[in-house]
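Asks: First the structure, which I've put down as structure tokens, then a few questions once you've had a look.
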Amino acid sequence: MKRVRDAGLPADISIVLVEGPFSTPFGHAWGNDAAGQAASRARVRARLAELLGARGPRPARVVVAGFSQGAGVAGDLAVEEPRIGALASFSPCGFWLRDQLPKRIGLRVLLAHGNRDTVCPVDESRSLAQILKHAGLPMQYLEFDGEHTIPADVVRALVVFATAVP
């Protein structure tokens, strides 16, 4: 969050960070099968409902973002939750609901991926960018020279994306 605030995210915009609910030897994960992923998304949707309340902000003001496996979960949440108006996906490893994402009319999307990513190959984002572009979704694709990370220019792009409310 410090990097995002330092990159210019205004104080009147809140970002909620969530952690995968399943413990692993490497940290936390969102689930390795359809049932685990669905359970994770249900938990995040419930928390989102608590945070947004019954009325909440308009969808254009709600951006969901994720990195790696969390990027896939964020994309799947954007499919299932109509109160989400924008998706920022950084180096996704995959989406369980990928085929449904282009059907989210009006969803704004920011995709970023390193061209030397050996953890989650860049082809995931390249192909998704083409699908979303073909579907006519407002989409920005940033491919950077790097590995499985989020460089400073992508953090700055997130700030611009999150604050550019239509």
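Just so we're on the same page: first chain in the structure tokens is A, next is B, and so on; residues restart at 1 for each chain, and ligands are numbered from 1 in the order they show up.
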I'd like to know which residues of region 6-144 of chain A are strand (DSSP E or B) (by DSSP, run on the backbone); could you write them as a list in words?

Replies: Phe22, Ser23, Thr24, Gly27, His28, Ala29, Val63, Val64, Ala65, Gly66, Phe67, Ala86, Leu87, Ala88, Ser89, Phe90, Arg108, Val109, Leu110, Leu111, Ala112, His113, Gly114, Met139, Gln140, Tyr141, Leu142, Glu143 and Phe144 of chain A

Asks: Among chain A, which ones does DSSP place in helix (DSSP H, G or I), written as a PyMOL selection string?

Replies: chain A and resi 2-6+34-52+59-61+69-80+98-103+123-135+152-163

Asks: Would you output that residue set with C-alpha atoms, as a short mmCIF file (atom, residue, chain, number, x, y, z; two decimals), in the first residue's frame?

Replies:
data_model
loop_
_atom_site.label_atom_id
_atom_site.label_comp_id
_atom_site.auth_asym_id
_atom_site.auth_seq_id
_atom_site.Cartn_x
_atom_site.Cartn_y
_atom_site.Cartn_z
CA LYS A 2 2.87 2.36 0.70
CA ARG A 3 4.01 2.00 -2.92
CA VAL A 4 0.50 2.78 -4.17
CA ARG A 5 0.10 5.83 -1.91
CA ASP A 6 3.61 7.03 -2.88
CA ALA A 34 -12.89 -25.37 -8.51
CA ALA A 35 -14.45 -25.94 -5.07
CA GLY A 36 -11.62 -24.18 -3.21
CA GLN A 37 -11.69 -21.25 -5.61
CA ALA A 38 -15.48 -20.95 -5.36
CA ALA A 39 -15.28 -21.00 -1.54
CA SER A 40 -12.64 -18.27 -1.60
CA ARG A 41 -14.69 -16.10 -3.93
CA ALA A 42 -17.79 -16.56 -1.76
CA ARG A 43 -15.85 -15.37 1.29
CA VAL A 44 -14.55 -12.30 -0.53
CA ARG A 45 -18.01 -11.48 -1.94
CA ALA A 46 -19.47 -11.71 1.59
CA ARG A 47 -16.78 -9.38 2.94
CA LEU A 48 -17.31 -7.02 0.00
CA ALA A 49 -21.04 -6.92 0.80
CA GLU A 50 -20.19 -5.97 4.40
CA LEU A 51 -17.81 -3.24 3.30
CA LEU A 52 -20.04 -1.75 0.60
CA PRO A 59 -19.78 0.09 -9.53
CA ALA A 60 -17.51 2.50 -11.43
CA ARG A 61 -15.98 3.38 -8.05
CA GLN A 69 -3.26 -16.44 -8.21
CA GLY A 70 -5.05 -13.46 -6.65
CA ALA A 71 -5.30 -11.86 -10.11
CA GLY A 72 -7.32 -14.83 -11.30
CA VAL A 73 -9.54 -14.65 -8.23
CA ALA A 74 -10.04 -10.92 -8.83
CA GLY A 75 -11.09 -11.62 -12.41
CA ASP A 76 -13.50 -14.32 -11.33
CA LEU A 77 -14.96 -11.97 -8.71
CA ALA A 78 -15.50 -9.36 -11.41
CA VAL A 79 -17.54 -11.95 -13.31
CA GLU A 80 -19.71 -12.85 -10.32
CA ARG A 98 -12.20 -16.77 -17.93
CA ASP A 99 -14.82 -17.52 -20.61
CA GLN A 100 -17.40 -15.43 -18.76
CA LEU A 101 -15.22 -12.34 -18.23
CA PRO A 102 -15.84 -10.85 -21.71
CA LYS A 103 -19.59 -10.91 -20.98
CA ASP A 123 0.58 -15.82 -22.71
CA GLU A 124 -2.28 -15.89 -20.15
CA SER A 125 -2.50 -12.08 -20.22
CA ARG A 126 -1.72 -11.71 -23.91
CA SER A 127 -4.55 -13.99 -24.95
CA LEU A 128 -6.98 -12.50 -22.42
CA ALA A 129 -6.17 -9.00 -23.68
CA GLN A 130 -7.12 -10.06 -27.21
CA ILE A 131 -10.36 -11.67 -26.04
CA LEU A 132 -11.37 -8.60 -24.01
CA LYS A 133 -10.46 -6.23 -26.84
CA HIS A 134 -12.52 -8.30 -29.27
CA ALA A 135 -15.45 -8.22 -26.79
CA ALA A 152 6.85 0.86 -10.24
CA ASP A 153 5.41 1.86 -13.62
CA VAL A 154 2.61 -0.70 -13.18
CA VAL A 155 1.88 0.65 -9.68
CA ARG A 156 1.58 4.13 -11.21
CA ALA A 157 -0.71 2.73 -13.93
CA LEU A 158 -2.91 1.24 -11.19
CA VAL A 159 -3.23 4.64 -9.53
CA VAL A 160 -4.25 6.27 -12.81
CA PHE A 161 -6.66 3.41 -13.55
CA ALA A 162 -8.25 3.47 -10.09
CA THR A 163 -8.71 7.22 -10.07
#

Asks: Hey, what's within 8 Å of Ser68 (chain A) if we count only C-alpha atoms and toss same-chain stuff fewer than 2 positions away? As a PyMOL selection string, please?

Replies: chain A and resi 66+70-72+90-93+120+148

Asks: Store the residues picked out above, limited to C-alpha atoms, as a PDB file, in the first residue's frame.

Replies:
ATOM      1  CA  GLY A  66      -4.942  -9.051  -7.641  1.00  0.00           C
ATOM      2  CA  GLY A  70      -5.049 -13.462  -6.651  1.00  0.00           C
ATOM      3  CA  ALA A  71      -5.304 -11.864 -10.111  1.00  0.00           C
ATOM      4  CA  GLY A  72      -7.320 -14.833 -11.299  1.00  0.00           C
ATOM      5  CA  PHE A  90      -1.292  -8.398 -12.471  1.00  0.00           C
ATOM      6  CA  SER A  91       0.539 -11.504 -13.727  1.00  0.00           C
ATOM      7  CA  PRO A  92      -2.420 -13.883 -13.464  1.00  0.00           C
ATOM      8  CA  CYS A  93      -1.810 -17.621 -13.368  1.00  0.00           C
ATOM      9  CA  CYS A 120       2.695 -17.483 -14.600  1.00  0.00           C
ATOM     10  CA  HIS A 148       6.790 -12.297 -11.726  1.00  0.00           C
TER      11      HIS A 148
END

Asks: Looking at A:Ala112, A:Leu142, A:Val64, A:Gly53, which one is nearest to Val18 (chain A), with distances taken over only C-alpha atoms?

Replies: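 The closest residue to Val18 (chain A) is A:Val64.
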
Asks: Quick one: of A:Pro57, A:Pro21, A:Ile84, A:Ser89, who's nearest to Met139 (chain A), counting only C-alpha atoms?

Replies: A:Ser89
